[in-house]
>>> print(open('structure36.cif').read())   # mmCIF, C-alpha atoms and all ligand atoms
data_query
#
loop_
_atom_site.label_atom_id
_atom_site.label_comp_id
_atom_site.auth_asym_id
_atom_site.auth_seq_id
_atom_site.Cartn_x
_atom_site.Cartn_y
_atom_site.Cartn_z
CA MET A 17 8.26 24.16 -4.69
CA ILE A 18 10.18 25.74 -1.84
CA GLY A 19 10.78 29.33 -2.94
CA SER A 20 12.07 29.02 -6.51
CA HIS A 21 13.32 25.47 -5.98
CA ARG A 22 11.58 22.45 -7.47
CA ILE A 23 11.65 19.36 -5.26
CA GLU A 24 12.70 16.17 -7.05
CA GLY A 25 13.15 12.67 -5.60
CA TYR A 26 15.46 9.93 -6.91
CA ALA A 27 15.43 6.21 -6.15
CA ILE A 28 16.17 2.83 -7.63
CA VAL A 29 13.95 0.05 -6.31
CA SER A 30 13.50 -3.68 -6.69
CA ALA A 31 10.37 -5.23 -8.23
CA ASP A 32 8.91 -5.36 -4.71
CA GLY A 33 9.62 -1.67 -4.06
CA MET A 34 12.69 -1.95 -1.80
CA ILE A 35 15.69 0.42 -1.73
CA ALA A 36 18.04 -1.72 0.38
CA ASP A 37 18.20 -5.00 2.25
CA GLY A 38 17.21 -5.37 5.90
CA ASN A 39 20.70 -4.30 7.01
CA GLY A 40 20.56 -1.06 5.03
CA VAL A 41 22.88 -2.32 2.28
CA ILE A 42 22.03 -1.69 -1.37
CA PRO A 43 22.42 -5.09 -3.09
CA ALA A 44 24.19 -5.47 -6.43
CA THR A 45 20.88 -6.53 -8.00
CA ILE A 46 19.60 -2.93 -7.85
CA ARG A 47 22.87 -1.20 -8.74
CA ASN A 48 23.03 -0.17 -12.38
CA ASP A 49 25.53 1.92 -14.35
CA ALA A 50 22.95 3.59 -16.59
CA ASP A 51 20.94 4.62 -13.54
CA GLN A 52 24.08 5.93 -11.83
CA ARG A 53 24.95 8.06 -14.88
CA PHE A 54 21.45 9.56 -14.88
CA PHE A 55 21.46 10.06 -11.08
CA GLN A 56 24.90 11.69 -10.90
CA SER A 57 24.23 14.05 -13.82
CA GLU A 58 20.89 15.09 -12.26
CA LEU A 59 22.60 15.81 -8.93
CA ASP A 60 25.09 18.07 -10.73
CA ARG A 61 22.22 20.44 -11.59
CA ALA A 62 20.71 20.41 -8.07
CA ALA A 63 21.10 23.39 -5.74
CA VAL A 64 21.18 21.10 -2.71
CA LEU A 65 20.71 17.45 -1.78
CA VAL A 66 18.62 16.29 1.17
CA HIS A 67 19.17 12.84 2.69
CA GLY A 68 19.07 10.92 5.95
CA ARG A 69 22.18 10.29 7.98
CA ARG A 70 22.65 6.80 6.54
CA SER A 71 22.37 7.73 2.86
CA HIS A 72 24.90 9.26 0.46
CA GLU A 73 25.11 9.45 -3.31
CA GLY A 74 28.86 8.68 -3.57
CA GLY A 75 30.82 9.43 -6.72
CA PRO A 76 33.78 11.74 -7.42
CA ARG A 77 31.81 15.03 -7.26
CA ALA A 78 30.08 14.41 -3.92
CA ASP A 79 32.31 16.76 -1.89
CA LYS A 80 31.45 19.71 -4.13
CA ARG A 81 27.68 19.35 -3.60
CA LYS A 82 25.72 21.18 -0.91
CA ARG A 83 23.72 18.84 1.29
CA ILE A 84 21.26 18.84 4.15
CA ILE A 85 21.58 15.76 6.36
CA VAL A 86 18.40 14.83 8.20
CA THR A 87 19.01 13.74 11.80
CA ARG A 88 17.47 13.79 15.27
CA GLN A 89 20.89 14.25 16.86
CA ILE A 90 20.50 18.02 16.86
CA ALA A 91 17.48 20.17 17.81
CA SER A 92 16.99 22.28 14.68
CA ALA A 93 19.61 23.17 12.04
CA THR A 94 23.33 23.52 12.52
CA SER A 95 26.52 23.22 10.52
CA ASP A 96 29.15 20.62 11.32
CA ARG A 97 32.80 21.65 10.91
CA SER A 98 33.76 18.11 9.90
CA LEU A 99 31.30 18.22 6.98
CA PRO A 100 32.02 21.09 4.57
CA ASN A 101 29.06 22.15 2.39
CA ALA A 102 26.66 20.35 4.75
CA LEU A 103 24.03 21.30 7.27
CA LEU A 104 22.48 18.97 9.85
CA TRP A 105 18.70 19.40 9.97
CA ASN A 106 15.99 18.13 12.30
CA PRO A 107 12.60 18.77 10.65
CA ALA A 108 10.97 18.82 14.10
CA GLY A 109 12.92 21.97 15.03
CA ALA A 110 13.37 24.00 11.84
CA THR A 111 11.61 24.37 8.52
CA LEU A 112 13.24 23.37 5.25
CA GLU A 113 13.19 27.05 4.26
CA GLN A 114 15.18 27.87 7.39
CA ALA A 115 17.65 25.06 6.67
CA ILE A 116 18.17 26.23 3.10
CA ALA A 117 18.67 29.83 4.21
CA ALA A 118 21.17 28.75 6.86
CA LEU A 119 23.18 26.71 4.33
CA GLY A 120 22.92 29.24 1.52
CA VAL A 121 22.19 27.64 -1.84
CA GLY A 122 22.11 28.82 -5.45
CA ASP A 123 19.55 28.22 -8.17
CA GLY A 124 18.31 24.74 -9.03
CA PRO A 125 16.19 21.92 -7.67
CA ILE A 126 16.25 20.36 -4.22
CA ALA A 127 17.18 16.70 -4.78
CA VAL A 128 15.77 14.26 -2.22
CA LEU A 129 17.84 11.05 -1.93
CA GLY A 130 16.11 9.09 0.86
CA GLY A 131 16.11 6.78 2.73
CA THR A 132 12.66 5.50 3.59
CA GLU A 133 11.51 8.06 6.15
CA VAL A 134 13.03 11.02 4.28
CA PHE A 135 11.41 9.94 1.00
CA GLY A 136 8.13 9.75 2.93
CA LEU A 137 8.56 13.16 4.55
CA PHE A 138 8.63 14.86 1.14
CA LEU A 139 5.63 13.05 -0.40
CA PRO A 140 3.33 16.10 -0.16
CA LEU A 141 6.01 18.32 -1.72
CA TYR A 142 7.53 16.52 -4.71
CA ASP A 143 7.27 18.33 -8.04
CA ALA A 144 8.83 15.24 -9.65
CA PHE A 145 9.95 11.79 -8.56
CA HIS A 146 12.41 9.83 -10.73
CA LEU A 147 11.69 6.17 -10.01
CA THR A 148 14.04 3.58 -11.46
CA ARG A 149 12.87 -0.02 -11.22
CA ALA A 150 15.06 -3.10 -11.42
CA ALA A 151 12.35 -5.51 -12.52
CA LYS A 152 14.44 -8.67 -12.09
CA ALA A 153 15.38 -7.97 -8.47
CA SER A 154 13.45 -8.73 -5.33
CA ILE A 155 14.60 -7.96 -1.77
CA PRO A 156 12.64 -9.96 0.83
CA ASP A 157 12.50 -8.16 4.20
CA GLY A 158 14.14 -5.10 2.64
CA ARG A 159 13.79 -1.38 3.37
CA PRO A 160 10.81 0.05 1.48
CA LEU A 161 10.95 3.12 -0.74
CA PHE A 162 8.24 4.83 1.33
CA PRO A 163 6.86 3.82 4.76
CA GLN A 164 3.56 2.87 3.03
CA VAL A 165 5.22 0.38 0.63
CA GLY A 166 4.32 -3.22 1.39
CA PRO A 167 0.56 -2.89 1.57
CA GLN A 168 0.92 -0.37 -1.30
CA THR A 169 3.26 -0.25 -4.30
CA PRO A 170 5.54 2.77 -4.87
CA GLU A 171 3.26 3.73 -7.78
CA ASP A 172 0.15 3.57 -5.54
CA VAL A 173 1.84 5.89 -3.06
CA LEU A 174 3.03 8.41 -5.66
CA ALA A 175 -0.44 8.48 -7.26
CA SER A 176 -2.13 8.94 -3.87
CA PHE A 177 -0.03 12.08 -3.35
CA GLY A 178 -1.07 13.60 -6.69
CA LEU A 179 1.84 12.55 -8.90
CA HIS A 180 1.39 11.04 -12.36
CA PRO A 181 3.75 9.06 -14.62
CA LYS A 182 4.87 11.41 -17.40
CA ALA A 183 7.77 9.70 -19.12
CA SER A 184 9.16 6.17 -19.02
CA ARG A 185 12.18 4.69 -20.73
CA ASP A 186 14.25 1.53 -20.63
CA ILE A 187 17.66 2.84 -19.62
CA ASP A 188 19.20 -0.65 -19.66
CA ALA A 189 16.84 -2.98 -21.51
CA ALA A 190 19.07 -6.04 -21.16
CA ALA A 191 19.01 -5.70 -17.38
CA CYS A 192 15.29 -4.76 -17.32
CA ILE A 193 15.97 -1.33 -15.78
CA THR A 194 13.23 1.24 -16.42
CA LEU A 195 13.20 4.89 -15.37
CA THR A 196 9.82 6.58 -14.92
CA THR A 197 9.49 10.24 -14.02
CA TRP A 198 6.38 11.08 -12.03
CA GLU A 199 5.24 14.68 -11.96
CA ARG A 200 2.70 16.65 -10.00
CA GLY A 201 -0.20 17.86 -12.11
CA ALA A 202 -2.73 16.56 -14.58
CA ALA A 203 -2.50 12.93 -15.68
CA VAL A 204 -1.52 12.05 -19.25
CA SER A 205 -3.23 9.24 -21.10
CA THR A 206 -0.12 7.54 -22.48
CA LEU A 207 3.49 7.22 -21.48
CA ARG A 208 6.10 8.35 -23.93
N1 LIG B 1 17.98 2.39 -3.65
C1 LIG B 1 17.95 3.71 -3.42
O1 LIG B 1 17.60 4.52 -4.29
C2 LIG B 1 18.33 4.22 -2.05
C3 LIG B 1 18.05 5.54 -1.71
C4 LIG B 1 18.39 5.98 -0.43
C5 LIG B 1 18.98 5.14 0.47
N2 LIG B 1 19.25 3.86 0.09
C6 LIG B 1 19.83 2.92 1.04
O2 LIG B 1 18.88 2.64 2.02
C7 LIG B 1 19.57 2.48 3.26
C8 LIG B 1 18.61 2.65 4.35
O3 LIG B 1 18.11 3.95 4.41
P1 LIG B 1 17.51 4.45 5.78
O4 LIG B 1 16.10 4.82 5.51
O5 LIG B 1 17.79 3.50 6.89
O6 LIG B 1 18.50 5.64 6.03
P2 LIG B 1 18.49 7.25 6.00
O7 LIG B 1 17.16 7.87 5.84
O8 LIG B 1 19.57 7.70 5.10
O9 LIG B 1 19.02 7.51 7.47
C9 LIG B 1 18.19 7.24 8.57
C10 LIG B 1 18.53 8.30 9.58
O10 LIG B 1 18.11 9.58 9.07
C11 LIG B 1 17.59 10.35 10.13
N3 LIG B 1 16.19 10.59 9.89
C12 LIG B 1 15.36 9.95 9.03
N4 LIG B 1 14.14 10.49 9.07
C13 LIG B 1 14.19 11.51 9.96
C14 LIG B 1 13.25 12.47 10.43
N5 LIG B 1 11.95 12.49 10.01
N6 LIG B 1 13.63 13.37 11.35
C15 LIG B 1 14.92 13.40 11.79
N7 LIG B 1 15.87 12.51 11.37
C16 LIG B 1 15.50 11.58 10.49
C17 LIG B 1 17.84 9.57 11.39
O11 LIG B 1 19.16 9.91 11.76
P3 LIG B 1 19.69 9.92 13.28
O12 LIG B 1 19.82 8.48 13.66
O13 LIG B 1 21.00 10.64 13.16
O14 LIG B 1 18.68 10.65 14.10
C18 LIG B 1 17.80 8.13 10.89
O15 LIG B 1 18.49 7.23 11.73
C19 LIG B 1 20.69 3.47 3.22
O16 LIG B 1 21.73 3.07 4.02
C20 LIG B 1 21.07 3.46 1.73
O17 LIG B 1 22.12 2.54 1.52
C21 LIG B 1 18.93 3.39 -1.14
#
>>> encode(input="structure36.cif", output="structure tokens")
Amino acid sequence: MIGSHRIEGYAIVSADGMIADGNGVIPATIRNDADQRFFQSELDRAAVLVHGRRSHEGGPRADKRKRIIVTRQIASATSDRSLPNALLWNPAGATLEQAIAALGVGDGPIAVLGGTEVFGLFLPLYDAFHLTRAAKASIPDGRPLFPQVGPQTPEDVLASFGLHPKASRDIDAAACITLTTWERGAAVSTLR
């Protein structure tokens, strides 16, 4: 938690734990309509999104959402007149609490959208991580979900930071797309 805000991560990955190809493009094999519906409706309840400069959720409601864009191009935290509802943030120069206060956000979770380094930055802080897996897809030489993925699986990494799988469902069984929500706290013996 940061103040009253839960911190929740969202990603869709290939079977080998990749979020994009080596050029930073999300291939069609890990794009899925059911996942997009879930993702977009979750973002509608978020107080603020946090993502790196090369990531964006897209969709018709994107301009209405408050966002913090992670970048090293500024020293700490500053608004950008060309980006309404957005704040540029360098974690080396300002805390997340300071960034949130500078932007001014309402109630609701902080939604972390990646990419790799940003997903990794929040690993000690996630209250929940919503991991969608496209089991039929593989992306050789792709961008990993977390910096540790490769030697480790995404699940290994989430577990090593104290998260446990709490709920799993096939959101598009024909396409082998499964959504698992990992939560911080005690492990449960079975998935529902
Ligand atoms: N499948 C999925 O769920 C998913 C999720 C997210 C992204 N993606 C895709 O993955 C692609 C690759 O993502 P990516 O990891 O290359 O992009 P990214 O995290 O969106 O952007 C990278 C940029 O963010 C800034 N940044 C990252 N970590 C930082 C830190 N610790 N401190 C300060 N600035 C930091 C830097 O910006 P500056 O260069 O401005 O300093 C860096 O160049 C994206 O283009 C997107 O298409 C997929």
>>> closest_atom_pairs(input="structure36.cif", of="chain A", to="ligand LIG 1 (chain B)", cutoff="6 Å", atoms="all atoms listed in the file", output="CSV")
residue,atom,partner,partner_atom,distance
A:Ala27,CA,B:LIG1,O1,3.3
A:Ile28,CA,B:LIG1,O1,4.0
A:Val29,CA,B:LIG1,N1,5.4
A:Ile35,CA,B:LIG1,N1,3.6
A:Ala36,CA,B:LIG1,O2,4.7
A:Gly40,CA,B:LIG1,C7,4.1
A:Val41,CA,B:LIG1,O17,5.0
A:Ile42,CA,B:LIG1,O17,5.1
A:His67,CA,B:LIG1,O8,5.7
A:Gly68,CA,B:LIG1,O8,3.4
A:Arg69,CA,B:LIG1,O9,4.2
A:Arg70,CA,B:LIG1,O8,3.5
A:Ser71,CA,B:LIG1,O8,3.6
A:Val86,CA,B:LIG1,N7,4.7
A:Thr87,CA,B:LIG1,N7,3.4
A:Arg88,CA,B:LIG1,O14,3.6
A:Gln89,CA,B:LIG1,O14,5.0
A:Asn106,CA,B:LIG1,C15,4.9
A:Pro107,CA,B:LIG1,N6,5.5
A:Leu129,CA,B:LIG1,C4,5.3
A:Gly130,CA,B:LIG1,C4,4.1
A:Gly131,CA,B:LIG1,O4,3.4
A:Thr132,CA,B:LIG1,O4,4.0
A:Glu133,CA,B:LIG1,N4,4.6
A:Val134,CA,B:LIG1,N4,4.9
>>> atom_distance(input="structure36.cif", atom1="CA of Leu103 in chain A", atom2="CA of Ala50 in chain A")
29.7 Å
>>> closest_residue(input="structure36.cif", among="A:Leu174, A:Ile23, A:Gly33, A:Asn48", to="Ile155 in chain A", atoms="all atoms listed in the file")
A:Gly33
>>> closest_residue(input="structure36.cif", among="A:Gly158, A:Pro76, A:Gly38, A:Pro43", to="Gln56 in chain A", atoms="only C-alpha atoms")
A:Pro76
>>> atom_distance(input="structure36.cif", atom1="CA of Ser95 in chain A", atom2="CA of Gly136 in chain A")
24.0 Å
>>> residues_around(input="structure36.cif", residues="Gly122 in chain A", least_positions_apart="3", cutoff="10 Å", atoms="only C-alpha atoms", output="mmCIF file with C-alpha atoms, in the frame of the given file")
data_model
loop_
_atom_site.group_PDB
_atom_site.id
_atom_site.type_symbol
_atom_site.label_atom_id
_atom_site.label_comp_id
_atom_site.auth_asym_id
_atom_site.auth_seq_id
_atom_site.Cartn_x
_atom_site.Cartn_y
_atom_site.Cartn_z
ATOM 1 C CA HIS A 21 13.320 25.470 -5.980
ATOM 2 C CA ALA A 62 20.710 20.410 -8.070
ATOM 3 C CA ALA A 63 21.100 23.390 -5.740
ATOM 4 C CA VAL A 64 21.180 21.100 -2.710
ATOM 5 C CA LYS A 82 25.720 21.180 -0.910
ATOM 6 C CA ILE A 116 18.170 26.230 3.100
ATOM 7 C CA PRO A 125 16.190 21.920 -7.670
#
>>> atom_distance(input="structure36.cif", atom1="CA of Asp32 in chain A", atom2="CA of Arg159 in chain A")
10.2 Å
